[in-house]
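Structure file my_file00.pdb with PDB, C-alpha atoms:
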ATOM      1  CA  MET B   1       0.000   0.000   0.000  1.00  0.00           C
ATOM      2  CA  PRO B   2       1.360   3.470  -0.791  1.00  0.00           C
ATOM      3  CA  ALA B   3       2.414   5.632   2.113  1.00  0.00           C
ATOM      4  CA  ILE B   4      -0.208   8.206   3.073  1.00  0.00           C
ATOM      5  CA  GLU B   5       0.709  11.137   5.285  1.00  0.00           C
ATOM      6  CA  TRP B   6      -2.243  12.144   7.445  1.00  0.00           C
ATOM      7  CA  PHE B   7      -2.646  15.868   8.088  1.00  0.00           C
ATOM      8  CA  GLU B   8      -4.848  17.662  10.555  1.00  0.00           C
ATOM      9  CA  GLY B   9      -8.149  18.376   8.873  1.00  0.00           C
ATOM     10  CA  SER B  10      -9.322  16.530   5.820  1.00  0.00           C
ATOM     11  CA  ARG B  11      -6.354  16.652   3.405  1.00  0.00           C
ATOM     12  CA  ASP B  12      -3.829  13.845   2.876  1.00  0.00           C
ATOM     13  CA  GLU B  13      -0.599  13.550   0.909  1.00  0.00           C
ATOM     14  CA  LEU B  14       0.299  10.368  -0.924  1.00  0.00           C
ATOM     15  CA  ALA B  15       4.024   9.694  -0.662  1.00  0.00           C
ATOM     16  CA  ASP B  16       6.174   7.198  -2.565  1.00  0.00           C
ATOM     17  CA  LEU B  17       3.877   5.595  -5.101  1.00  0.00           C
ATOM     18  CA  PHE B  18       5.699   3.994  -7.992  1.00  0.00           C
ATOM     19  CA  ALA B  19       5.603   0.896 -10.146  1.00  0.00           C
ATOM     20  CA  LEU B  20       8.773  -0.882 -11.185  1.00  0.00           C
ATOM     21  CA  ALA B  21       9.683  -0.291 -14.822  1.00  0.00           C
ATOM     22  CA  ASP B  22       8.650  -3.781 -15.908  1.00  0.00           C
ATOM     23  CA  ARG B  23       5.212  -3.340 -14.259  1.00  0.00           C
ATOM     24  CA  GLN B  24       4.421   0.098 -15.691  1.00  0.00           C
ATOM     25  CA  GLY B  25       1.441   0.053 -18.001  1.00  0.00           C
ATOM     26  CA  THR B  26      -0.048  -3.050 -16.355  1.00  0.00           C
ATOM     27  CA  GLY B  27      -2.503  -1.216 -14.086  1.00  0.00           C
ATOM     28  CA  VAL B  28      -0.620  -1.843 -10.836  1.00  0.00           C
ATOM     29  CA  GLY B  29      -0.029   1.886 -10.218  1.00  0.00           C
ATOM     30  CA  ARG B  30      -3.687   2.684 -10.811  1.00  0.00           C
ATOM     31  CA  MET B  31      -4.696  -0.144  -8.452  1.00  0.00           C
ATOM     32  CA  LEU B  32      -2.374   1.146  -5.723  1.00  0.00           C
ATOM     33  CA  LEU B  33      -3.641   4.694  -6.122  1.00  0.00           C
ATOM     34  CA  GLU B  34      -7.275   3.566  -6.058  1.00  0.00           C
ATOM     35  CA  ARG B  35      -6.594   1.667  -2.816  1.00  0.00           C
ATOM     36  CA  ALA B  36      -5.001   4.782  -1.320  1.00  0.00           C
ATOM     37  CA  MET B  37      -7.990   6.869  -2.402  1.00  0.00           C
ATOM     38  CA  ALA B  38     -10.362   4.359  -0.796  1.00  0.00           C
ATOM     39  CA  ALA B  39      -8.334   4.391   2.434  1.00  0.00           C
ATOM     40  CA  CYS B  40      -8.538   8.184   2.532  1.00  0.00           C
ATOM     41  CA  ARG B  41     -12.291   8.102   1.968  1.00  0.00           C
ATOM     42  CA  ASP B  42     -12.649   5.479   4.734  1.00  0.00           C
ATOM     43  CA  GLU B  43     -10.820   7.883   7.055  1.00  0.00           C
ATOM     44  CA  GLY B  44     -13.257  10.648   6.152  1.00  0.00           C
ATOM     45  CA  ARG B  45     -10.704  12.635   4.160  1.00  0.00           C
ATOM     46  CA  SER B  46     -11.891  14.951   1.410  1.00  0.00           C
ATOM     47  CA  GLN B  47      -8.679  15.679  -0.522  1.00  0.00           C
ATOM     48  CA  LEU B  48      -5.571  13.767  -1.577  1.00  0.00           C
ATOM     49  CA  VAL B  49      -2.383  15.626  -2.568  1.00  0.00           C
ATOM     50  CA  VAL B  50       0.583  14.270  -4.558  1.00  0.00           C
ATOM     51  CA  ALA B  51       3.815  15.788  -5.843  1.00  0.00           C
ATOM     52  CA  THR B  52       5.974  14.744  -8.761  1.00  0.00           C
ATOM     53  CA  ALA B  53       8.683  16.062 -11.045  1.00  0.00           C
ATOM     54  CA  ALA B  54       7.481  18.572 -13.622  1.00  0.00           C
ATOM     55  CA  ALA B  55       9.806  16.895 -16.130  1.00  0.00           C
ATOM     56  CA  ASP B  56       8.032  13.538 -15.807  1.00  0.00           C
ATOM     57  CA  VAL B  57       5.154  14.089 -18.211  1.00  0.00           C
ATOM     58  CA  GLY B  58       4.133  10.413 -18.066  1.00  0.00           C
ATOM     59  CA  VAL B  59       3.492  10.641 -14.337  1.00  0.00           C
ATOM     60  CA  LEU B  60       1.669  13.962 -14.735  1.00  0.00           C
ATOM     61  CA  ARG B  61      -0.552  12.281 -17.331  1.00  0.00           C
ATOM     62  CA  PHE B  62      -1.178   9.302 -15.033  1.00  0.00           C
ATOM     63  CA  TYR B  63      -2.400  11.475 -12.168  1.00  0.00           C
ATOM     64  CA  GLN B  64      -4.528  13.704 -14.389  1.00  0.00           C
ATOM     65  CA  LEU B  65      -6.218  10.689 -15.995  1.00  0.00           C
ATOM     66  CA  LEU B  66      -7.278   9.695 -12.475  1.00  0.00           C
ATOM     67  CA  GLY B  67      -8.845  13.076 -11.843  1.00  0.00           C
ATOM     68  CA  PHE B  68      -6.018  14.985 -10.133  1.00  0.00           C
ATOM     69  CA  ARG B  69      -5.790  18.720 -10.864  1.00  0.00           C
ATOM     70  CA  LEU B  70      -2.700  20.924 -10.876  1.00  0.00           C
ATOM     71  CA  LEU B  71      -2.366  22.737  -7.564  1.00  0.00           C
ATOM     72  CA  ARG B  72       0.976  24.561  -7.666  1.00  0.00           C
ATOM     73  CA  VAL B  73       4.551  24.448  -8.964  1.00  0.00           C
ATOM     74  CA  GLU B  74       7.502  24.468  -6.592  1.00  0.00           C
ATOM     75  CA  ARG B  75      10.305  25.967  -8.654  1.00  0.00           C
ATOM     76  CA  ASP B  76      13.888  24.690  -8.325  1.00  0.00           C
ATOM     77  CA  ALA B  77      12.944  21.837  -5.961  1.00  0.00           C
ATOM     78  CA  PHE B  78      15.338  19.394  -7.672  1.00  0.00           C
ATOM     79  CA  THR B  79      18.391  21.570  -8.331  1.00  0.00           C
ATOM     80  CA  ALA B  80      21.986  21.115  -7.234  1.00  0.00           C
ATOM     81  CA  GLU B  81      21.394  23.843  -4.648  1.00  0.00           C
ATOM     82  CA  ALA B  82      18.648  21.644  -3.174  1.00  0.00           C
ATOM     83  CA  GLY B  83      21.048  18.683  -3.090  1.00  0.00           C
ATOM     84  CA  TYR B  84      20.055  16.886  -6.292  1.00  0.00           C
ATOM     85  CA  PRO B  85      22.363  15.860  -9.151  1.00  0.00           C
ATOM     86  CA  GLU B  86      21.613  17.170 -12.642  1.00  0.00           C
ATOM     87  CA  ILE B  87      19.088  14.758 -14.141  1.00  0.00           C
ATOM     88  CA  GLU B  88      16.989  14.716 -17.291  1.00  0.00           C
ATOM     89  CA  ILE B  89      13.769  12.799 -17.796  1.00  0.00           C
ATOM     90  CA  ASP B  90      13.149  12.105 -21.485  1.00  0.00           C
ATOM     91  CA  GLY B  91      15.418  15.046 -22.353  1.00  0.00           C
ATOM     92  CA  ILE B  92      13.688  17.475 -19.969  1.00  0.00           C
ATOM     93  CA  PRO B  93      15.882  18.887 -17.164  1.00  0.00           C
ATOM     94  CA  LEU B  94      14.597  17.928 -13.731  1.00  0.00           C
ATOM     95  CA  ARG B  95      14.120  21.173 -11.810  1.00  0.00           C
ATOM     96  CA  ASP B  96      10.588  21.808 -10.596  1.00  0.00           C
ATOM     97  CA  ARG B  97       8.120  19.852  -8.468  1.00  0.00           C
ATOM     98  CA  VAL B  98       4.422  19.885  -9.388  1.00  0.00           C
ATOM     99  CA  TRP B  99       1.750  19.436  -6.722  1.00  0.00           C
ATOM    100  CA  LEU B 100      -1.610  17.983  -7.739  1.00  0.00           C
ATOM    101  CA  SER B 101      -4.757  17.487  -5.702  1.00  0.00           C
ATOM    102  CA  LEU B 102      -7.820  15.313  -5.944  1.00  0.00           C
ATOM    103  CA  SER B 103     -11.152  16.039  -4.354  1.00  0.00           C
ATOM    104  CA  LEU B 104     -12.126  12.566  -3.218  1.00  0.00           C
ATOM    105  CA  GLY B 105     -15.720  13.157  -4.201  1.00  0.00           C
ATOM    106  CA  ASP B 106     -14.576  13.823  -7.811  1.00  0.00           C
ATOM    107  CA  ALA B 107     -12.252  10.871  -8.459  1.00  0.00           C
ATOM    108  CA  ALA B 108     -12.289   9.330 -11.914  1.00  0.00           C
ATOM    109  CA  THR B 109     -13.994   5.983 -12.276  1.00  0.00           C
ATOM    110  CA  PRO B 110     -11.748   3.086 -13.376  1.00  0.00           C
ATOM    111  CA  GLY B 111     -11.756   2.947 -17.154  1.00  0.00           C
ATOM    112  CA  ASP B 112     -12.434   6.669 -17.628  1.00  0.00           C
ATOM    113  CA  SER B 113      -9.983   8.617 -19.763  1.00  0.00           C
TER
END
As structure tokens - that is how I would like this structure written.
Amino acid sequence: MPAIEWFEGSRDELADLFALADRQGTGVGRMLLERAMAACRDEGRSQLVVATAAADVGVLRFYQLLGFRLLRVERDAFTAEAGYPEIEIDGIPLRDRVWLSLSLGDAATPGDS
């Protein structure tokens, strides 16, 4: 199960959700995220928040297909000054972190696109 950080109030942050490269595209990530969403609903939470690299367009697509909306951009979160090595994802320099949120009453239904 993905790690969920519980906050005071009704918002949660999902931390450390990933599928191994050979399992990507098989639905395992979607299944894990749907389980996390259900756990948050069971706890009476109304919003789930995630963060990912702005350079990772595949992950941004994944979250948006599940109903997440862009919340904010944290500029220069992955720079050398922040302690990260220079990295590119599909030719895009890794610099910024994107935060997305999902209102748990508005989550996409499995199979929606």
Pick from B:Ala36, B:Ala77, B:Ala21, B:Leu100: nearest to B:Phe62, with all atoms listed in the file counted?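 Closest to B:Phe62 of all the choices is B:Leu100.
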Could you tell me how far atom CA of B:Val98 sits from atom CA of B:Met37, in Å to one decimal place?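 One can read the atom CA of B:Met37 to atom CA of B:Val98 distance as 19.3 Å.
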As a ChimeraX atom specification, please: the residues near stretch 88-90 of chain B (cut-off 12 Å, only C-alpha atoms, same-chain neighbours under 4 positions excluded). /B:53-59,78-79,84,94-96
In Å, with one decimal, what is the gap from atom CA of B:Arg97 to atom CA of B:Glu74?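 Taking atom CA of B:Arg97 and atom CA of B:Glu74, their separation equals 5.0 Å.
Closest to B:Val73 among B:Leu60, B:Ile87, B:Ala51, B:Ala38 is B:Ala51, based on all atoms listed in the file.
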Using only C-alpha atoms, which residue out of B:Cys40, B:Glu81, B:Asp76, B:Arg61 lies closest to B:Gly105?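 Using only C-alpha atoms, the shortest distance to B:Gly105 belongs to B:Cys40.
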Separating atom CA of B:Val49 from atom CA of B:Trp99, to the nearest tenth of an Å, is a gap of 7.0 Å
Where does the PyMOL selection byres ((chain B and resi 102) around 6) land in this file, that is, which residues does it pick, as a PDB file with C-alpha atoms, in the coordinates of the input?
ATOM      1  CA  GLN B  47      -8.679  15.679  -0.522  1.00  0.00           C
ATOM      2  CA  LEU B  48      -5.571  13.767  -1.577  1.00  0.00           C
ATOM      3  CA  PHE B  68      -6.018  14.985 -10.133  1.00  0.00           C
ATOM      4  CA  SER B 101      -4.757  17.487  -5.702  1.00  0.00           C
ATOM      5  CA  SER B 103     -11.152  16.039  -4.354  1.00  0.00           C
ATOM      6  CA  LEU B 104     -12.126  12.566  -3.218  1.00  0.00           C
TER       7      LEU B 104
END
Taking all atoms of stretch 73-76 of chain B that the file lists and extending 8 Å past them on each side, where is the centre of the axis-aligned box and how long are its edges? Answer in Å to one decimal, as JSON.
{"center_x": 9.2, "center_y": 25.2, "center_z": -7.8, "size_x": 25.3, "size_y": 17.5, "size_z": 18.4}
